[in-house]
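A.B. asks: So that you have it, the file is data02.cif, and it contains mmCIF, C-alpha atoms, pLDDT in the B column; chains and numbers go by the auth columns:
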```cif
data_upload
loop_
_atom_site.group_PDB
_atom_site.id
_atom_site.type_symbol
_atom_site.label_atom_id
_atom_site.label_comp_id
_atom_site.label_asym_id
_atom_site.label_seq_id
_atom_site.Cartn_x
_atom_site.Cartn_y
_atom_site.Cartn_z
_atom_site.B_iso_or_equiv
_atom_site.auth_seq_id
_atom_site.auth_asym_id
ATOM 1 C CA MET A 1 0.000 0.000 0.000 77.00 1 A
ATOM 2 C CA ASN A 2 1.453 3.327 -1.090 84.00 2 A
ATOM 3 C CA VAL A 3 0.170 6.645 0.246 87.00 3 A
ATOM 4 C CA ARG A 4 0.042 10.030 -1.442 89.00 4 A
ATOM 5 C CA PRO A 5 -1.465 13.364 -0.383 91.00 5 A
ATOM 6 C CA LEU A 6 -4.962 14.079 -1.637 90.00 6 A
ATOM 7 C CA LYS A 7 -5.144 17.275 -3.691 89.00 7 A
ATOM 8 C CA GLY A 8 -8.092 19.522 -4.486 89.00 8 A
ATOM 9 C CA VAL A 9 -10.793 21.093 -2.349 88.00 9 A
ATOM 10 C CA ARG A 10 -13.577 19.019 -3.871 88.00 10 A
ATOM 11 C CA ALA A 11 -11.716 15.742 -3.355 87.00 11 A
ATOM 12 C CA VAL A 12 -10.986 16.611 0.270 87.00 12 A
ATOM 13 C CA ARG A 13 -14.619 17.557 0.901 86.00 13 A
ATOM 14 C CA GLU A 14 -15.750 14.225 -0.559 87.00 14 A
ATOM 15 C CA ALA A 15 -13.176 12.356 1.536 87.00 15 A
ATOM 16 C CA PHE A 16 -14.750 13.668 4.756 86.00 16 A
ATOM 17 C CA ALA A 17 -18.042 12.056 3.738 87.00 17 A
ATOM 18 C CA GLY A 18 -16.513 8.575 3.791 84.00 18 A
ATOM 19 C CA PRO A 19 -18.609 5.910 5.523 90.00 19 A
ATOM 20 C CA LEU A 20 -15.777 4.146 7.377 90.00 20 A
ATOM 21 C CA ARG A 21 -14.958 5.728 10.743 93.00 21 A
ATOM 22 C CA VAL A 22 -12.538 4.451 13.378 94.00 22 A
ATOM 23 C CA ARG A 23 -10.645 5.874 16.332 94.00 23 A
ATOM 24 C CA SER A 24 -7.671 5.008 18.505 93.00 24 A
ATOM 25 C CA GLY A 25 -6.779 7.370 21.327 91.00 25 A
ATOM 26 C CA PRO A 26 -6.290 10.897 19.952 93.00 26 A
ATOM 27 C CA VAL A 27 -6.313 9.719 16.315 95.00 27 A
ATOM 28 C CA ALA A 28 -9.564 9.388 14.382 94.00 28 A
ATOM 29 C CA ALA A 29 -9.857 8.383 10.747 94.00 29 A
ATOM 30 C CA VAL A 30 -12.468 8.490 8.017 93.00 30 A
ATOM 31 C CA GLY A 31 -12.044 6.212 5.050 91.00 31 A
ATOM 32 C CA SER A 32 -13.850 5.514 1.828 89.00 32 A
ATOM 33 C CA ARG A 33 -13.830 2.422 -0.322 86.00 33 A
ATOM 34 C CA GLY A 34 -12.786 2.350 -3.924 83.00 34 A
ATOM 35 C CA PRO A 35 -11.479 -0.071 -6.489 83.00 35 A
ATOM 36 C CA ALA A 36 -8.605 -2.278 -5.352 81.00 36 A
ATOM 37 C CA SER A 37 -5.429 -0.294 -5.778 81.00 37 A
ATOM 38 C CA SER A 38 -1.911 -0.107 -4.409 82.00 38 A
ATOM 39 C CA THR A 39 -2.217 3.657 -3.766 85.00 39 A
ATOM 40 C CA VAL A 40 -4.285 5.326 -1.042 87.00 40 A
ATOM 41 C CA SER A 41 -4.777 9.099 -0.890 90.00 41 A
ATOM 42 C CA TYR A 42 -4.651 10.770 2.503 93.00 42 A
ATOM 43 C CA VAL A 43 -5.442 14.050 4.254 94.00 43 A
ATOM 44 C CA VAL A 44 -4.088 15.028 7.678 95.00 44 A
ATOM 45 C CA VAL A 45 -6.179 17.413 9.785 94.00 45 A
ATOM 46 C CA VAL A 46 -5.445 19.169 13.077 95.00 46 A
ATOM 47 C CA ALA A 47 -8.161 21.629 14.059 93.00 47 A
ATOM 48 C CA LYS A 48 -7.184 25.140 15.114 94.00 48 A
ATOM 49 C CA HIS A 49 -9.651 25.098 18.004 93.00 49 A
ATOM 50 C CA ARG A 50 -7.852 22.009 19.392 90.00 50 A
ATOM 51 C CA MET A 51 -4.376 23.536 19.009 92.00 51 A
ATOM 52 C CA PRO A 52 -4.281 27.312 18.664 92.00 52 A
ATOM 53 C CA ARG A 53 -0.513 27.469 18.141 92.00 53 A
ATOM 54 C CA ALA A 54 0.608 26.810 14.581 93.00 54 A
ATOM 55 C CA VAL A 55 3.880 25.333 15.813 92.00 55 A
ATOM 56 C CA ASP A 56 1.995 22.584 17.648 92.00 56 A
ATOM 57 C CA ARG A 57 -0.376 21.913 14.734 93.00 57 A
ATOM 58 C CA ASN A 58 2.511 21.599 12.292 94.00 58 A
ATOM 59 C CA ARG A 59 4.412 19.261 14.605 93.00 59 A
ATOM 60 C CA VAL A 60 1.420 16.946 14.947 95.00 60 A
ATOM 61 C CA LYS A 61 0.815 17.025 11.182 95.00 61 A
ATOM 62 C CA ARG A 62 4.431 16.023 10.550 96.00 62 A
ATOM 63 C CA LEU A 63 4.143 13.180 13.042 95.00 63 A
ATOM 64 C CA LEU A 64 0.869 11.974 11.511 96.00 64 A
ATOM 65 C CA ARG A 65 2.258 12.068 7.955 95.00 65 A
ATOM 66 C CA GLU A 66 5.367 10.123 8.926 95.00 66 A
ATOM 67 C CA SER A 67 3.252 7.628 10.866 94.00 67 A
ATOM 68 C CA LEU A 68 1.092 7.079 7.782 93.00 68 A
ATOM 69 C CA ARG A 69 4.188 6.444 5.687 92.00 69 A
ATOM 70 C CA MET A 70 5.492 3.968 8.263 92.00 70 A
ATOM 71 C CA ALA A 71 2.133 2.142 8.384 90.00 71 A
ATOM 72 C CA ALA A 72 2.022 2.010 4.585 87.00 72 A
ATOM 73 C CA ARG A 73 5.523 0.506 4.439 87.00 73 A
ATOM 74 C CA SER A 74 4.581 -2.164 6.969 86.00 74 A
ATOM 75 C CA HIS A 75 1.424 -3.033 5.013 78.00 75 A
ATOM 76 C CA GLN A 76 3.210 -3.064 1.640 72.00 76 A
ATOM 77 C CA ALA A 77 4.618 -6.543 2.178 59.00 77 A
ATOM 78 C CA LEU A 78 1.464 -7.947 3.773 61.00 78 A
ATOM 79 C CA ARG A 79 -1.198 -6.419 1.567 67.00 79 A
ATOM 80 C CA PRO A 80 0.027 -4.715 -1.631 64.00 80 A
ATOM 81 C CA THR A 81 -3.510 -3.690 -2.654 71.00 81 A
ATOM 82 C CA SER A 82 -6.463 -2.509 -0.602 76.00 82 A
ATOM 83 C CA ASN A 83 -10.058 -1.395 -1.155 83.00 83 A
ATOM 84 C CA LEU A 84 -9.415 1.939 0.552 85.00 84 A
ATOM 85 C CA SER A 85 -9.270 4.904 -1.786 87.00 85 A
ATOM 86 C CA THR A 86 -8.947 7.791 0.713 90.00 86 A
ATOM 87 C CA ILE A 87 -8.092 8.237 4.378 92.00 87 A
ATOM 88 C CA VAL A 88 -8.665 11.376 6.443 93.00 88 A
ATOM 89 C CA VAL A 89 -6.602 11.293 9.637 95.00 89 A
ATOM 90 C CA ARG A 90 -7.656 13.736 12.373 94.00 90 A
ATOM 91 C CA TRP A 91 -5.891 14.608 15.604 94.00 91 A
ATOM 92 C CA GLN A 92 -8.405 15.057 18.417 92.00 92 A
ATOM 93 C CA SER A 93 -6.291 15.944 21.414 88.00 93 A
ATOM 94 C CA ALA A 94 -5.483 19.382 22.768 85.00 94 A
ATOM 95 C CA HIS A 95 -1.824 18.784 23.580 82.00 95 A
ATOM 96 C CA ALA A 96 1.298 18.143 21.528 79.00 96 A
ATOM 97 C CA ARG A 97 4.104 18.683 24.002 79.00 97 A
ATOM 98 C CA GLY A 98 6.236 15.656 24.619 83.00 98 A
ATOM 99 C CA LEU A 99 4.691 13.721 21.742 88.00 99 A
ATOM 100 C CA GLU A 100 6.952 11.159 20.167 92.00 100 A
ATOM 101 C CA LEU A 101 6.718 9.476 16.808 93.00 101 A
ATOM 102 C CA SER A 102 6.419 6.031 18.386 93.00 102 A
ATOM 103 C CA VAL A 103 3.265 7.003 20.312 92.00 103 A
ATOM 104 C CA VAL A 104 1.579 8.598 17.302 93.00 104 A
ATOM 105 C CA ALA A 105 2.706 5.742 15.026 94.00 105 A
ATOM 106 C CA ASN A 106 1.082 3.152 17.299 94.00 106 A
ATOM 107 C CA HIS A 107 -2.281 4.931 17.172 94.00 107 A
ATOM 108 C CA VAL A 108 -2.066 5.449 13.404 94.00 108 A
ATOM 109 C CA GLN A 109 -1.154 1.775 12.905 93.00 109 A
ATOM 110 C CA VAL A 110 -4.227 0.687 14.883 94.00 110 A
ATOM 111 C CA VAL A 111 -6.465 3.054 12.904 94.00 111 A
ATOM 112 C CA ILE A 112 -5.091 1.840 9.549 91.00 112 A
ATOM 113 C CA ASP A 113 -5.483 -1.812 10.589 90.00 113 A
ATOM 114 C CA ARG A 114 -9.102 -1.197 11.566 91.00 114 A
ATOM 115 C CA LEU A 115 -9.866 0.699 8.352 89.00 115 A
ATOM 116 C CA LEU A 116 -8.342 -2.062 6.222 86.00 116 A
ATOM 117 C CA ALA A 117 -10.344 -4.686 8.129 86.00 117 A
ATOM 118 C CA VAL A 118 -13.596 -2.778 7.630 85.00 118 A
ATOM 119 C CA ALA A 119 -12.876 -2.038 3.971 80.00 119 A
ATOM 120 C CA ALA A 120 -11.894 -5.610 3.151 78.00 120 A
ATOM 121 C CA PRO A 121 -14.131 -7.207 0.541 70.00 121 A
ATOM 122 C CA THR A 122 -16.560 -9.791 1.841 63.00 122 A
ATOM 123 C CA ASP A 123 -17.367 -13.014 0.029 51.00 123 A
ATOM 124 C CA ALA A 124 -21.120 -12.578 0.411 50.00 124 A
ATOM 125 C CA ALA A 125 -21.776 -12.730 -3.329 49.00 125 A
ATOM 126 C CA GLY A 126 -23.326 -16.196 -2.974 45.00 126 A
ATOM 127 C CA GLY A 127 -21.972 -17.989 -6.032 43.00 127 A
ATOM 128 C CA GLY A 128 -25.021 -18.648 -8.188 42.00 128 A
ATOM 129 C CA GLU A 129 -24.063 -21.401 -10.632 38.00 129 A
#
```
What does this structure look like when you write it as structure tokens?
C.D. replies:
Amino acid sequence: MNVRPLKGVRAVREAFAGPLRVRSGPVAAVGSRGPASSTVSYVVVVAKHRMPRAVDRNRVKRLLRESLRMAARSHQALRPTSNLSTIVVRWQSAHARGLELSVVANHVQVVIDRLLAVAAPTDAAGGGE
């Protein structure tokens, strides 16, 4: 699974309407299904009302982006394609001091695992021969 930033206001707005929603600690994610692909588009969001200081918001965004890349690398060998087309990752905590990549990466890994499990295709087609 490769990740790339999602571009365009319209695409980002549509990504927020995704039906798949999961959360782990301060990290919440919204995902939407699409055709099986090796590339997943992502958006990272840290609300200004949660973190008024831009320095803190930017730090958390950097940590979230790197955590997404790490999760994608770990899933590349296990599952080269997925049914996820977009992921919106939101930070929902009010603090950023003392945050480390390992803590954020653990939460992002859990969120990605849950999204992939929910988005996995089901064999409920009922083979009619």
A.B. asks: Just to confirm, what's the straight-line distance from atom CA of A:Asn83 to atom CA of A:Ser37 in Å (one decimal)?
C.D. replies: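 Between atom CA of A:Asn83 and atom CA of A:Ser37 the gap is 6.6 Å.
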A.B. asks: Care to translate the PyMOL selection byres ((chain A and resi 42-58) around 9) into actual residues of this file, as a count of residues only?
C.D. replies: 30
A.B. asks: Could you tell me, as a list of chain:residue names, exactly which residues end up selected when the PyMOL selection byres ((chain A and resi 70) around 12) is applied to this structure?
C.D. replies: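 For this structure, the PyMOL selection byres ((chain A and resi 70) around 12) resolves to A:Met1, A:Asn2, A:Val3, A:Leu63, A:Leu64, A:Arg65, A:Glu66, A:Ser67, A:Leu68, A:Arg69, A:Ala71, A:Ala72, A:Arg73, A:Ser74, A:His75, A:Gln76, A:Leu101, A:Ser102, A:Val104, A:Ala105, A:Asn106, A:His107, A:Val108, A:Gln109, A:Ile112.
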A.B. asks: Would you mind exporting C-alpha atoms of the selected residues as a tab-separated table (two decimals), in the coordinates of the input?
C.D. replies:
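Written output follows (part_15.tsv):
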```tsv
chain	number	residue	atom	x	y	z
A	1	MET	CA	0.00	0.00	0.00
A	2	ASN	CA	1.45	3.33	-1.09
A	3	VAL	CA	0.17	6.64	0.25
A	63	LEU	CA	4.14	13.18	13.04
A	64	LEU	CA	0.87	11.97	11.51
A	65	ARG	CA	2.26	12.07	7.96
A	66	GLU	CA	5.37	10.12	8.93
A	67	SER	CA	3.25	7.63	10.87
A	68	LEU	CA	1.09	7.08	7.78
A	69	ARG	CA	4.19	6.44	5.69
A	71	ALA	CA	2.13	2.14	8.38
A	72	ALA	CA	2.02	2.01	4.58
A	73	ARG	CA	5.52	0.51	4.44
A	74	SER	CA	4.58	-2.16	6.97
A	75	HIS	CA	1.42	-3.03	5.01
A	76	GLN	CA	3.21	-3.06	1.64
A	101	LEU	CA	6.72	9.48	16.81
A	102	SER	CA	6.42	6.03	18.39
A	104	VAL	CA	1.58	8.60	17.30
A	105	ALA	CA	2.71	5.74	15.03
A	106	ASN	CA	1.08	3.15	17.30
A	107	HIS	CA	-2.28	4.93	17.17
A	108	VAL	CA	-2.07	5.45	13.40
A	109	GLN	CA	-1.15	1.78	12.90
A	112	ILE	CA	-5.09	1.84	9.55
```
A.B. asks: Using all atoms listed in the file, which protein or nucleic acid residues come within 9 Å of A:Ser82? Drop anything in the same chain fewer than 5 positions from it, and give the result as a ChimeraX atom specification.
C.D. replies: /A:1,33-40,116,119-120
A.B. asks: So that I have them on file, write out the residues from the current selection with C-alpha atoms, as a compact mmCIF listing (two decimals), keeping the file's coordinate frame.
C.D. replies:
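For reference, again-v8.txt as written:
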```txt
# COMPACT_ATOMS: atom_id res chain seq x y z
CA MET A 1 0.00 0.00 0.00
CA ARG A 33 -13.83 2.42 -0.32
CA GLY A 34 -12.79 2.35 -3.92
CA PRO A 35 -11.48 -0.07 -6.49
CA ALA A 36 -8.60 -2.28 -5.35
CA SER A 37 -5.43 -0.29 -5.78
CA SER A 38 -1.91 -0.11 -4.41
CA THR A 39 -2.22 3.66 -3.77
CA VAL A 40 -4.28 5.33 -1.04
CA LEU A 116 -8.34 -2.06 6.22
CA ALA A 119 -12.88 -2.04 3.97
CA ALA A 120 -11.89 -5.61 3.15
```
A.B. asks: Between atom CA of A:Thr81 and atom CA of A:Pro121, what distance in Å does the model show, to one decimal?
C.D. replies: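 Rounded to one decimal, the two atoms are 11.6 Å apart.
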A.B. asks: For the atom pair atom CA of A:Gly31 and atom CA of A:Val9, what is the interatomic distance in Å to one decimal place?
C.D. replies: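 Atom-to-atom, atom CA of A:Gly31 to atom CA of A:Val9, that is 16.7 Å.
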A.B. asks: Find, counting all atoms listed in the file, the residue in A:Val118, A:Val27, A:Leu20, A:Leu84 that gets nearest to A:Val103.
C.D. replies: A:Val27
